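Data block for structure22.tsv (TSV, C-alpha atoms and all ligand atoms):
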```tsv
chain	number	residue	atom	x	y	z
A	1	MET	CA	-3.28	-28.62	9.68
A	2	VAL	CA	-1.53	-25.23	9.82
A	3	HIS	CA	-2.20	-22.07	11.80
A	4	ALA	CA	-3.92	-19.07	10.23
A	5	ILE	CA	-5.84	-15.98	11.24
A	6	ARG	CA	-9.52	-16.19	10.31
A	7	ILE	CA	-12.41	-13.71	10.36
A	8	HIS	CA	-15.84	-15.14	11.21
A	9	ASP	CA	-17.62	-11.77	11.63
A	10	TYR	CA	-16.58	-8.30	10.45
A	11	GLY	CA	-15.49	-6.01	13.27
A	12	GLY	CA	-12.60	-4.59	15.29
A	13	PRO	CA	-9.14	-6.15	15.71
A	14	GLU	CA	-10.71	-8.81	17.99
A	15	ALA	CA	-12.36	-10.28	14.87
A	16	LEU	CA	-8.93	-11.75	13.95
A	17	LYS	CA	-8.84	-15.31	15.36
A	18	TRP	CA	-5.75	-17.57	15.45
A	19	GLU	CA	-7.00	-21.01	14.38
A	20	GLU	CA	-6.05	-24.29	12.72
A	21	VAL	CA	-7.01	-24.69	9.05
A	22	GLU	CA	-6.63	-27.34	6.38
A	23	VAL	CA	-4.59	-26.36	3.30
A	24	GLY	CA	-4.66	-29.36	0.97
A	25	ALA	CA	-2.87	-30.06	-2.29
A	26	PRO	CA	-2.69	-27.45	-5.06
A	27	GLY	CA	-5.27	-27.76	-7.85
A	28	PRO	CA	-4.62	-26.95	-11.53
A	29	GLY	CA	-2.84	-23.59	-11.87
A	30	GLU	CA	-2.16	-23.37	-8.14
A	31	ALA	CA	0.95	-23.48	-5.97
A	32	ARG	CA	1.26	-24.30	-2.29
A	33	ILE	CA	3.65	-22.05	-0.40
A	34	ARG	CA	5.17	-22.09	3.08
A	35	GLN	CA	5.17	-18.48	4.15
A	36	THR	CA	8.10	-16.90	5.95
A	37	ALA	CA	6.72	-13.35	6.21
A	38	VAL	CA	3.35	-11.67	5.63
A	39	GLY	CA	2.79	-8.00	4.76
A	40	LEU	CA	0.37	-5.78	6.70
A	41	ASN	CA	-1.58	-3.22	4.66
A	42	TYR	CA	-4.31	-0.70	5.28
A	43	ILE	CA	-6.62	-2.66	2.95
A	44	ASP	CA	-6.53	-5.45	5.60
A	45	ILE	CA	-8.45	-3.06	7.87
A	46	TYR	CA	-11.08	-2.25	5.20
A	47	ILE	CA	-11.54	-6.00	4.72
A	48	ARG	CA	-11.69	-6.77	8.47
A	49	THR	CA	-14.35	-4.11	9.11
A	50	GLY	CA	-16.47	-5.19	6.13
A	51	LEU	CA	-15.94	-1.95	4.16
A	52	TYR	CA	-14.69	-4.27	1.39
A	53	PRO	CA	-17.00	-7.30	1.92
A	54	GLN	CA	-15.79	-10.81	0.98
A	55	PRO	CA	-17.83	-13.44	-0.88
A	56	SER	CA	-18.21	-15.66	2.22
A	57	LEU	CA	-17.38	-16.04	5.92
A	58	PRO	CA	-15.21	-17.27	7.56
A	59	PHE	CA	-12.11	-16.41	5.52
A	60	VAL	CA	-8.37	-15.93	5.94
A	61	PRO	CA	-7.54	-12.23	5.37
A	62	GLY	CA	-4.28	-10.66	4.15
A	63	MET	CA	-3.18	-9.70	0.66
A	64	GLU	CA	0.61	-10.04	0.67
A	65	GLY	CA	3.31	-12.51	1.59
A	66	ALA	CA	6.62	-14.18	0.79
A	67	GLY	CA	7.89	-17.73	1.13
A	68	VAL	CA	8.90	-20.93	-0.63
A	69	VAL	CA	6.97	-23.03	-3.13
A	70	THR	CA	6.42	-26.52	-1.63
A	71	ALA	CA	4.12	-28.04	-4.29
A	72	ILE	CA	2.59	-27.13	-7.66
A	73	GLY	CA	-0.59	-28.24	-9.39
A	74	ALA	CA	-1.14	-29.34	-12.97
A	75	GLY	CA	-0.19	-26.88	-15.69
A	76	VAL	CA	1.91	-24.58	-13.50
A	77	ASP	CA	4.97	-23.28	-15.34
A	78	GLU	CA	5.45	-19.86	-13.69
A	79	VAL	CA	7.24	-21.31	-10.62
A	80	ALA	CA	8.85	-24.58	-9.45
A	81	VAL	CA	9.14	-26.33	-6.08
A	82	GLY	CA	11.87	-24.63	-4.02
A	83	ASP	CA	11.51	-21.16	-5.63
A	84	ARG	CA	11.52	-18.14	-3.31
A	85	VAL	CA	8.43	-16.12	-4.21
A	86	ALA	CA	6.32	-13.15	-3.14
A	87	TYR	CA	2.94	-11.71	-4.15
A	88	ALA	CA	0.37	-9.02	-3.53
A	89	GLY	CA	-3.34	-9.20	-4.18
A	90	ALA	CA	-4.39	-12.80	-3.49
A	91	ILE	CA	-6.46	-12.82	-0.30
A	92	GLY	CA	-5.52	-15.41	2.32
A	93	SER	CA	-1.98	-14.45	3.36
A	94	TYR	CA	-2.43	-14.49	7.17
A	95	ALA	CA	-1.41	-18.17	7.29
A	96	GLU	CA	1.65	-20.37	7.83
A	97	GLU	CA	0.96	-22.11	4.53
A	98	ARG	CA	-1.53	-21.46	1.73
A	99	LEU	CA	-2.63	-22.22	-1.82
A	100	ILE	CA	-2.40	-19.44	-4.40
A	101	PRO	CA	-2.88	-19.01	-8.16
A	102	ALA	CA	0.66	-19.53	-9.47
A	103	ASP	CA	0.32	-16.70	-12.00
A	104	ARG	CA	0.22	-14.22	-9.08
A	105	LEU	CA	3.68	-15.24	-7.85
A	106	VAL	CA	6.88	-13.34	-8.57
A	107	LYS	CA	10.33	-14.90	-8.07
A	108	ILE	CA	12.52	-12.99	-5.64
A	109	PRO	CA	16.27	-12.53	-6.26
A	110	ASP	CA	18.83	-13.48	-3.58
A	111	ALA	CA	19.61	-9.80	-2.95
A	112	ILE	CA	16.13	-9.31	-1.45
A	113	SER	CA	15.29	-10.97	1.89
A	114	ASP	CA	11.94	-12.67	2.51
A	115	GLU	CA	11.02	-9.97	5.03
A	116	THR	CA	11.73	-7.18	2.55
A	117	ALA	CA	9.82	-9.03	-0.18
A	118	ALA	CA	6.76	-9.44	2.06
A	119	ALA	CA	6.90	-5.79	3.07
A	120	MET	CA	7.37	-4.30	-0.38
A	121	MET	CA	5.11	-6.05	-2.88
A	122	LEU	CA	1.80	-4.30	-2.24
A	123	GLN	CA	3.03	-0.89	-1.10
A	124	GLY	CA	5.96	-0.83	-3.55
A	125	MET	CA	3.95	-1.84	-6.61
A	126	THR	CA	1.39	0.78	-5.58
A	127	ALA	CA	4.07	3.46	-5.43
A	128	ARG	CA	5.25	2.33	-8.86
A	129	TYR	CA	1.91	2.48	-10.67
A	130	LEU	CA	0.93	5.76	-8.99
A	131	LEU	CA	4.17	7.47	-10.05
A	132	ARG	CA	4.76	5.82	-13.43
A	133	LYS	CA	1.31	4.93	-14.78
A	134	THR	CA	-1.48	6.94	-13.15
A	135	TYR	CA	0.61	10.06	-13.76
A	136	ASP	CA	3.97	10.24	-15.55
A	137	VAL	CA	5.98	11.76	-12.70
A	138	GLY	CA	9.37	13.12	-13.77
A	139	PRO	CA	11.70	16.10	-13.47
A	140	GLY	CA	9.59	19.23	-13.11
A	141	THR	CA	6.58	17.43	-11.57
A	142	TRP	CA	5.21	18.82	-8.29
A	143	LEU	CA	3.26	16.27	-6.30
A	144	LEU	CA	1.32	16.28	-3.05
A	145	PHE	CA	1.24	13.00	-1.12
A	146	HIS	CA	-0.65	12.46	2.14
A	147	ALA	CA	0.60	10.13	4.92
A	148	ALA	CA	4.15	10.50	3.59
A	149	ALA	CA	5.71	8.57	6.51
A	150	GLY	CA	3.43	5.54	6.04
A	151	GLY	CA	4.13	2.32	4.16
A	152	VAL	CA	3.34	3.54	0.64
A	153	GLY	CA	4.45	7.03	1.71
A	154	LEU	CA	8.10	6.28	2.54
A	155	ILE	CA	8.53	4.38	-0.72
A	156	VAL	CA	7.01	7.28	-2.67
A	157	CYS	CA	9.32	9.79	-0.91
A	158	GLN	CA	12.36	7.93	-2.26
A	159	TRP	CA	10.96	6.99	-5.69
A	160	ALA	CA	9.61	10.47	-6.49
A	161	ARG	CA	13.01	11.98	-5.65
A	162	ALA	CA	14.75	9.38	-7.84
A	163	LEU	CA	12.46	10.46	-10.72
A	164	GLY	CA	13.52	14.08	-10.22
A	165	ALA	CA	10.14	15.32	-8.96
A	166	THR	CA	9.45	17.72	-6.10
A	167	MET	CA	7.30	16.22	-3.36
A	168	ILE	CA	5.17	17.89	-0.74
A	169	GLY	CA	4.24	15.31	1.91
A	170	THR	CA	1.80	15.55	4.80
A	171	VAL	CA	2.28	13.71	8.11
A	172	GLY	CA	0.56	13.49	11.49
A	173	SER	CA	3.44	14.22	13.91
A	174	PRO	CA	6.85	15.96	14.15
A	175	GLU	CA	8.59	12.55	14.38
A	176	LYS	CA	6.91	11.44	11.15
A	177	ALA	CA	7.95	14.74	9.51
A	178	GLU	CA	11.58	13.94	10.26
A	179	ILE	CA	11.25	10.41	8.88
A	180	ALA	CA	9.62	11.65	5.63
A	181	ARG	CA	12.34	14.30	5.20
A	182	ASP	CA	15.08	11.71	5.84
A	183	HIS	CA	13.62	9.62	3.01
A	184	GLY	CA	13.76	12.41	0.45
A	185	CYS	CA	10.48	14.31	0.81
A	186	HIS	CA	11.33	17.92	-0.11
A	187	HIS	CA	8.60	19.77	1.82
A	188	VAL	CA	6.78	18.26	4.80
A	189	ILE	CA	3.55	19.58	6.34
A	190	ASN	CA	2.19	18.38	9.70
A	191	TYR	CA	-1.49	18.52	8.73
A	192	ARG	CA	-2.60	18.14	12.34
A	193	GLU	CA	-1.04	21.53	13.12
A	194	GLU	CA	-0.92	23.39	9.81
A	195	ASP	CA	-3.50	24.05	7.08
A	196	PHE	CA	-2.10	21.83	4.32
A	197	VAL	CA	-3.96	23.73	1.55
A	198	ALA	CA	-2.56	27.13	2.54
A	199	ARG	CA	0.95	25.67	3.03
A	200	THR	CA	0.89	23.88	-0.34
A	201	ARG	CA	-0.14	27.07	-2.12
A	202	GLU	CA	2.59	28.94	-0.29
A	203	ILE	CA	5.30	26.37	-1.13
A	204	THR	CA	4.27	26.33	-4.82
A	205	GLU	CA	4.05	30.16	-4.85
A	206	GLY	CA	0.36	30.02	-5.67
A	207	ARG	CA	0.72	27.70	-8.65
A	208	GLY	CA	-0.55	24.46	-7.09
A	209	VAL	CA	0.73	20.92	-7.64
A	210	ASP	CA	0.41	18.87	-10.83
A	211	VAL	CA	-0.88	15.78	-9.05
A	212	ALA	CA	-2.37	15.21	-5.58
A	213	TYR	CA	-2.27	11.62	-4.25
A	214	ASP	CA	-4.87	11.22	-1.52
A	215	SER	CA	-5.31	8.00	0.48
A	216	VAL	CA	-6.61	9.71	3.62
A	217	GLY	CA	-10.08	10.32	2.15
A	218	LYS	CA	-12.70	11.95	4.36
A	219	ASP	CA	-10.42	14.28	6.34
A	220	THR	CA	-8.50	15.66	3.33
A	221	PHE	CA	-11.53	16.14	1.05
A	222	PRO	CA	-12.01	18.55	-0.64
A	223	GLY	CA	-8.75	20.18	0.53
A	224	SER	CA	-6.61	18.09	-1.82
A	225	LEU	CA	-8.54	19.53	-4.80
A	226	ASP	CA	-7.63	23.05	-3.67
A	227	CYS	CA	-3.92	22.15	-3.80
A	228	LEU	CA	-4.01	21.41	-7.55
A	229	ARG	CA	-3.12	23.65	-10.48
A	230	PRO	CA	-5.79	24.08	-13.18
A	231	LEU	CA	-6.14	20.82	-15.14
A	232	GLY	CA	-4.25	18.98	-12.36
A	233	LEU	CA	-4.93	15.34	-11.44
A	234	TRP	CA	-6.58	14.22	-8.20
A	235	VAL	CA	-5.76	10.60	-7.39
A	236	SER	CA	-8.07	9.31	-4.67
A	237	PHE	CA	-6.62	5.90	-3.83
A	238	GLY	CA	-7.70	5.16	-0.26
A	239	GLN	CA	-9.66	6.24	2.80
A	240	SER	CA	-7.63	5.75	5.99
A	241	SER	CA	-9.74	8.42	7.77
A	242	GLY	CA	-13.07	7.16	6.36
A	243	PRO	CA	-14.85	7.05	2.99
A	244	LEU	CA	-15.42	10.21	0.95
A	245	PRO	CA	-18.88	11.77	1.12
A	246	PRO	CA	-20.91	11.70	-2.10
A	247	PHE	CA	-20.07	14.82	-4.14
A	248	ASP	CA	-21.17	16.65	-7.27
A	249	LEU	CA	-18.82	16.16	-10.23
A	250	GLY	CA	-19.23	19.89	-10.88
A	251	ILE	CA	-16.71	20.49	-8.08
A	252	LEU	CA	-13.98	19.50	-10.58
A	253	ALA	CA	-15.01	22.34	-12.92
A	254	GLN	CA	-15.25	24.86	-10.07
A	255	LYS	CA	-11.75	24.05	-8.87
A	256	GLY	CA	-10.04	24.38	-12.27
A	257	SER	CA	-11.23	21.73	-14.74
A	258	LEU	CA	-9.49	19.05	-12.71
A	259	PHE	CA	-9.04	15.41	-13.68
A	260	ALA	CA	-9.88	12.71	-11.16
A	261	THR	CA	-9.23	9.00	-10.85
A	262	ARG	CA	-9.94	6.35	-8.20
A	263	PRO	CA	-7.36	3.65	-9.05
A	264	SER	CA	-6.64	0.22	-7.56
A	265	LEU	CA	-3.34	-1.68	-7.77
A	266	PHE	CA	-5.23	-4.81	-8.75
A	267	THR	CA	-6.35	-3.31	-12.08
A	268	TYR	CA	-2.79	-2.26	-12.87
A	269	ILE	CA	-1.38	-5.77	-12.26
A	270	ALA	CA	-4.34	-7.87	-13.47
A	271	LYS	CA	-2.43	-9.18	-16.51
A	272	ARG	CA	0.64	-11.27	-15.68
A	273	GLU	CA	2.83	-9.21	-18.05
A	274	ASP	CA	1.85	-6.04	-16.15
A	275	LEU	CA	2.45	-7.74	-12.79
A	276	LEU	CA	5.96	-8.76	-13.88
A	277	GLU	CA	6.78	-5.34	-15.34
A	278	THR	CA	5.61	-3.59	-12.17
A	279	ALA	CA	7.30	-6.04	-9.78
A	280	ASN	CA	10.57	-6.09	-11.73
A	281	ASP	CA	10.77	-2.29	-11.79
A	282	LEU	CA	10.26	-2.32	-8.01
A	283	ILE	CA	12.86	-5.07	-7.55
A	284	ASP	CA	15.36	-3.00	-9.61
A	285	MET	CA	14.72	0.09	-7.45
A	286	VAL	CA	15.29	-1.92	-4.26
A	287	VAL	CA	18.32	-3.91	-5.45
A	288	SER	CA	19.98	-0.70	-6.73
A	289	ASP	CA	19.34	0.95	-3.31
A	290	LYS	CA	17.32	3.79	-4.82
A	291	VAL	CA	14.44	2.66	-2.61
A	292	LYS	CA	14.97	1.16	0.85
A	293	ILE	CA	12.04	-0.73	2.34
A	294	GLU	CA	11.76	0.36	5.96
A	295	ILE	CA	10.29	-2.42	8.10
A	296	ASN	CA	9.62	-0.42	11.24
A	297	GLN	CA	7.26	-2.91	12.93
A	298	ARG	CA	7.30	-6.70	13.25
A	299	TYR	CA	4.67	-8.81	15.06
A	300	PRO	CA	4.06	-12.55	15.41
A	301	LEU	CA	1.28	-13.45	12.95
A	302	ALA	CA	-0.74	-14.77	15.91
A	303	GLU	CA	-0.78	-11.17	17.22
A	304	ALA	CA	-2.19	-9.63	14.03
A	305	ALA	CA	-4.88	-7.93	16.13
A	306	ARG	CA	-2.24	-5.83	17.90
A	307	ALA	CA	-0.70	-4.88	14.55
A	308	HIS	CA	-4.12	-3.80	13.22
A	309	ALA	CA	-4.79	-1.69	16.32
A	310	ASP	CA	-1.43	0.08	15.94
A	311	LEU	CA	-1.92	0.75	12.21
A	312	GLU	CA	-5.42	2.15	12.76
A	313	ALA	CA	-4.24	4.35	15.64
A	314	ARG	CA	-1.55	5.93	13.38
A	315	ARG	CA	1.21	4.48	15.60
A	316	THR	CA	3.19	2.89	12.73
A	317	THR	CA	5.64	4.34	10.21
A	318	GLY	CA	6.96	2.72	7.04
A	319	SER	CA	6.10	-0.95	6.48
A	320	THR	CA	4.93	-3.65	8.89
A	321	ILE	CA	5.28	-7.41	8.66
A	322	LEU	CA	3.69	-10.34	10.49
A	323	LEU	CA	5.84	-13.39	11.17
A	324	PRO	CA	4.24	-16.87	11.00
B	1	LIG	P1	-0.04	3.69	6.07
B	1	LIG	O1	1.19	3.08	6.63
B	1	LIG	O2	0.12	4.89	5.20
B	1	LIG	O3	-1.04	3.99	7.26
B	1	LIG	C1	-2.09	4.88	7.13
B	1	LIG	C2	-1.68	6.30	7.52
B	1	LIG	O4	-2.73	7.17	7.16
B	1	LIG	C3	-1.49	6.51	9.00
B	1	LIG	O5	-0.22	6.15	9.47
B	1	LIG	C4	-1.72	8.00	9.13
B	1	LIG	O6	-0.52	8.74	8.89
B	1	LIG	C5	-2.69	8.31	7.97
B	1	LIG	N1	-4.01	8.67	8.48
B	1	LIG	C6	-4.60	9.87	8.32
B	1	LIG	N2	-5.77	9.91	8.95
B	1	LIG	C7	-5.93	8.70	9.53
B	1	LIG	C8	-6.97	8.16	10.34
B	1	LIG	N3	-8.05	8.85	10.69
B	1	LIG	N4	-6.81	6.88	10.77
B	1	LIG	C9	-5.75	6.15	10.45
B	1	LIG	N5	-4.73	6.64	9.69
B	1	LIG	C10	-4.83	7.91	9.23
B	1	LIG	O7	-0.86	2.56	5.27
B	1	LIG	P2	-0.51	1.89	3.85
B	1	LIG	O8	0.81	2.35	3.39
B	1	LIG	O9	-0.79	0.43	3.97
B	1	LIG	O10	-1.63	2.47	2.91
B	1	LIG	C11	-1.76	3.88	2.72
B	1	LIG	C12	-3.06	4.20	2.04
B	1	LIG	O11	-2.98	3.82	0.68
B	1	LIG	C13	-4.30	3.50	2.62
B	1	LIG	O12	-5.38	4.38	2.59
B	1	LIG	C14	-4.50	2.37	1.65
B	1	LIG	O13	-5.82	1.92	1.61
B	1	LIG	C15	-4.09	3.03	0.34
B	1	LIG	N6	-3.68	2.05	-0.67
B	1	LIG	C16	-4.36	2.03	-1.85
B	1	LIG	C17	-3.98	1.20	-2.88
B	1	LIG	C18	-4.66	1.29	-4.18
B	1	LIG	O14	-4.18	0.70	-5.16
B	1	LIG	N7	-5.76	2.01	-4.31
B	1	LIG	C19	-2.91	0.21	-2.69
B	1	LIG	C20	-2.20	0.36	-1.43
B	1	LIG	C21	-2.60	1.23	-0.45
B	1	LIG	P3	-0.39	10.23	9.54
B	1	LIG	O15	-0.48	10.04	11.03
B	1	LIG	O16	0.93	10.71	9.08
B	1	LIG	O17	-1.54	11.00	9.01
```
For this file, write the structure as structure tokens.
Ligand code: NDP
Amino acid sequence: MVHAIRIHDYGGPEALKWEEVEVGAPGPGEARIRQTAVGLNYIDIYIRTGLYPQPSLPFVPGMEGAGVVTAIGAGVDEVAVGDRVAYAGAIGSYAEERLIPADRLVKIPDAISDETAAAMMLQGMTARYLLRKTYDVGPGTWLLFHAAAGGVGLIVCQWARALGATMIGTVGSPEKAEIARDHGCHHVINYREEDFVARTREITEGRGVDVAYDSVGKDTFPGSLDCLRPLGLWVSFGQSSGPLPPFDLGILAQKGSLFATRPSLFTYIAKREDLLETANDLIDMVVSDKVKIEINQRYPLAEAARAHADLEARRTTGSTILLP
């Protein structure tokens, strides 16, 4: 038996229960891993509340972790016993040990610690596909990014600058503004005090940004659309403040023949070759120090409820890990 957090009923942070669970031997295509660090992500909140319902209850939540392979099942050739590995996207990470499809695992080089690996896989691969695949961000690109001092946000601040783009970031406090600026964000707007649409139009001298990345959802809709240049791209990739209301597609025509997408990391890394390309680009950025993964909060895994409460209350910055 090992310890894990389980959810029996959807709800608040108190739904996260520290319990004993059976892990078992890996089946065909699976690996068993002993986890040394687990990543905390906003999607864990959507899953805990039931916004993203799971096939059955109870279940072990969590989408990201790092550790060591302790056993492999038949037909596994992606990893071997003793490999240091990390992953994002396979639910069940809030556990001391777990089984996982081996084709979801990525080997981690010595230059990257287990804590950094657990903190970076989901948020870092998200930053990568948003900047390199959803839109081809490069020199000359103007981008708007909400929650710029958050987990994905601080990685995007550094990566967008490395690509030569100009970033306008929004944040919820003066302290977060300083953190975003320190990580390379060119223009920072405290959207609790300033009108982010008016400020974005002012900063871009009326032109608007090429791409607006919006993971805040309800509170920044439809403002983000008003920040775009004609034919610009609206990337709605999350809803930290609540889901978007239903809207008429005609709004895209009214606001300048805009493009819109609602992407998910898991589509972009569904094929193993895409997972490896995305992860290896992230690993290169981290090993070469172009992107530093800021682990600003650490909690014992048993206290995952406290970590969830802090993330939901906007008390965290950068990345957060849970330690088994
Ligand atoms: P963050 O660390 O960015 O935390 C969320 C932040 O959102 C808060 O710190 C806060 O920053 C901001 N926020 C604004 N309004 C609210 C609100 N009402 N309640 C809570 N937070 C609010 O989390 P992550 O880096 O883990 O994820 C960022 C977003 O990206 C999430 O929405 C997540 O779902 C999404 N995401 C989407 C992926 C995809 O592929 N589609 C993959 C990964 C993440 P501030 O105080 O500065 O406003």
Work out where the centre of an axis-aligned box around every listed atom of stretch 207-213 of chain A lies and how long its edges are once 5 Å is added on each side; give both in Å to one decimal as lines of an AutoDock Vina configuration file.
```
center_x = -0.8
center_y = 19.7
center_z = -7.5
size_x = 13.1
size_y = 26.1
size_z = 16.6
```
Within 7 Å of ligand LIG 1 (chain B) (only C-alpha atoms and all ligand atoms), residues as a PyMOL selection string = chain A and resi 40-43+122-123+126+147-153+170-173+176+215-216+219+237-242+263-266+311-319
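Near A:Tyr213, within 7 Å and counting all atoms listed in the file, sit A:Leu144, A:Phe145, A:His146, A:Trp234, A:Val235, A:Ser236, not including residues fewer than 4 positions from it in the same chain.
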Expressed in Å, the length from atom CA of A:Met63 to atom CA of A:Ile112 is 19.4 Å
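The residue that comes closest to A:Lys107, out of A:Pro26, A:Phe259, A:Ala80, A:Ala90 and on the basis of only C-alpha atoms, is A:Ala80.
Here atom CA of A:Cys185 stands at a distance of 6.6 Å from atom CA of A:Ile168.
Counting all atoms listed in the file and comparing A:Ile203, A:Ile33, A:Leu16, A:Val60, the residue that lies closest to A:Gly82 is A:Ile33.
Nearest to A:Ala118 of all the residues A:Arg192, A:Arg84, A:Arg306, A:Lys255 is A:Arg84, counting only C-alpha atoms.
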In Å, with one decimal, what is the gap from atom CA of A:Trp142 to atom CA of A:Ala165?
-> 6.1 Å
Find, counting all atoms listed in the file, the residue in A:Ile5, A:Val211, A:Ala66, A:Ala71 that gets nearest to A:Gly138.
-> A:Val211
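Distances from A:Gln35, A:Thr320, A:Gln54, A:Thr134 to A:Arg262 were compared using all atoms listed in the file, and the smallest one belongs to A:Thr134.
Near A:Val76, within 10 Å and counting only C-alpha atoms, sit A:Gly27, A:Pro28, A:Gly29, A:Glu30, A:Ala31, A:Ile72, A:Gly73, A:Ala74, A:Glu78, A:Val79, A:Ala80, A:Pro101, A:Ala102, A:Asp103, not including residues fewer than 2 positions from it in the same chain.
Minimum atom-to-atom distance to A:Arg6, evaluated using only C-alpha atoms, belongs to A:Gly92 out of A:Gly50, A:Gly256, A:Pro139, A:Gly92.
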List every protein, DNA or RNA residue that has at least one atom no more than 12 Å from (0.7, -7.2, 16.0) in the file's coordinates, counting only C-alpha atoms, and write the result as a tab-separated table (two decimals) with C-alpha atoms, in the frame of the given file.
```tsv
chain	number	residue	atom	x	y	z
A	5	ILE	CA	-5.84	-15.98	11.24
A	13	PRO	CA	-9.14	-6.15	15.71
A	14	GLU	CA	-10.71	-8.81	17.99
A	16	LEU	CA	-8.93	-11.75	13.95
A	38	VAL	CA	3.35	-11.67	5.63
A	39	GLY	CA	2.79	-8.00	4.76
A	40	LEU	CA	0.37	-5.78	6.70
A	94	TYR	CA	-2.43	-14.49	7.17
A	297	GLN	CA	7.26	-2.91	12.93
A	298	ARG	CA	7.30	-6.70	13.25
A	299	TYR	CA	4.67	-8.81	15.06
A	300	PRO	CA	4.06	-12.55	15.41
A	301	LEU	CA	1.28	-13.45	12.95
A	302	ALA	CA	-0.74	-14.77	15.91
A	303	GLU	CA	-0.78	-11.17	17.22
A	304	ALA	CA	-2.19	-9.63	14.03
A	305	ALA	CA	-4.88	-7.93	16.13
A	306	ARG	CA	-2.24	-5.83	17.90
A	307	ALA	CA	-0.70	-4.88	14.55
A	308	HIS	CA	-4.12	-3.80	13.22
A	309	ALA	CA	-4.79	-1.69	16.32
A	310	ASP	CA	-1.43	0.08	15.94
A	311	LEU	CA	-1.92	0.75	12.21
A	312	GLU	CA	-5.42	2.15	12.76
A	315	ARG	CA	1.21	4.48	15.60
A	316	THR	CA	3.19	2.89	12.73
A	320	THR	CA	4.93	-3.65	8.89
A	321	ILE	CA	5.28	-7.41	8.66
A	322	LEU	CA	3.69	-10.34	10.49
A	323	LEU	CA	5.84	-13.39	11.17
A	324	PRO	CA	4.24	-16.87	11.00
```
Anything within 8 Å of (-18.9, -5.5, 11.3): list those residues as a PDB file with C-alpha atoms, in the frame of the given file, counting all atoms listed in the file and sticking to the file's coordinates.
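Listing of out.pdb after writing:
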```pdb
ATOM      1  CA  ASP A   9     -17.620 -11.770  11.630  1.00  0.00           C
ATOM      2  CA  TYR A  10     -16.580  -8.300  10.450  1.00  0.00           C
ATOM      3  CA  GLY A  11     -15.490  -6.010  13.270  1.00  0.00           C
ATOM      4  CA  GLY A  12     -12.600  -4.590  15.290  1.00  0.00           C
ATOM      5  CA  ARG A  48     -11.690  -6.770   8.470  1.00  0.00           C
ATOM      6  CA  THR A  49     -14.350  -4.110   9.110  1.00  0.00           C
ATOM      7  CA  GLY A  50     -16.470  -5.190   6.130  1.00  0.00           C
TER       8      GLY A  50
END
```
For A:Leu228, work out the shell of residues within 6 Å, counting all atoms listed in the file and skipping chain neighbours fewer than 4 positions away, then give it as a PyMOL selection string.
-> chain A and resi 208-209+232
Would you list the contacts of A:Gly24 as a PyMOL selection string, taking every protein, DNA or RNA residue within 10 Å and counting only C-alpha atoms, but skipping same-chain residues closer than 6 positions in sequence?
-> chain A and resi 1+32+97-99
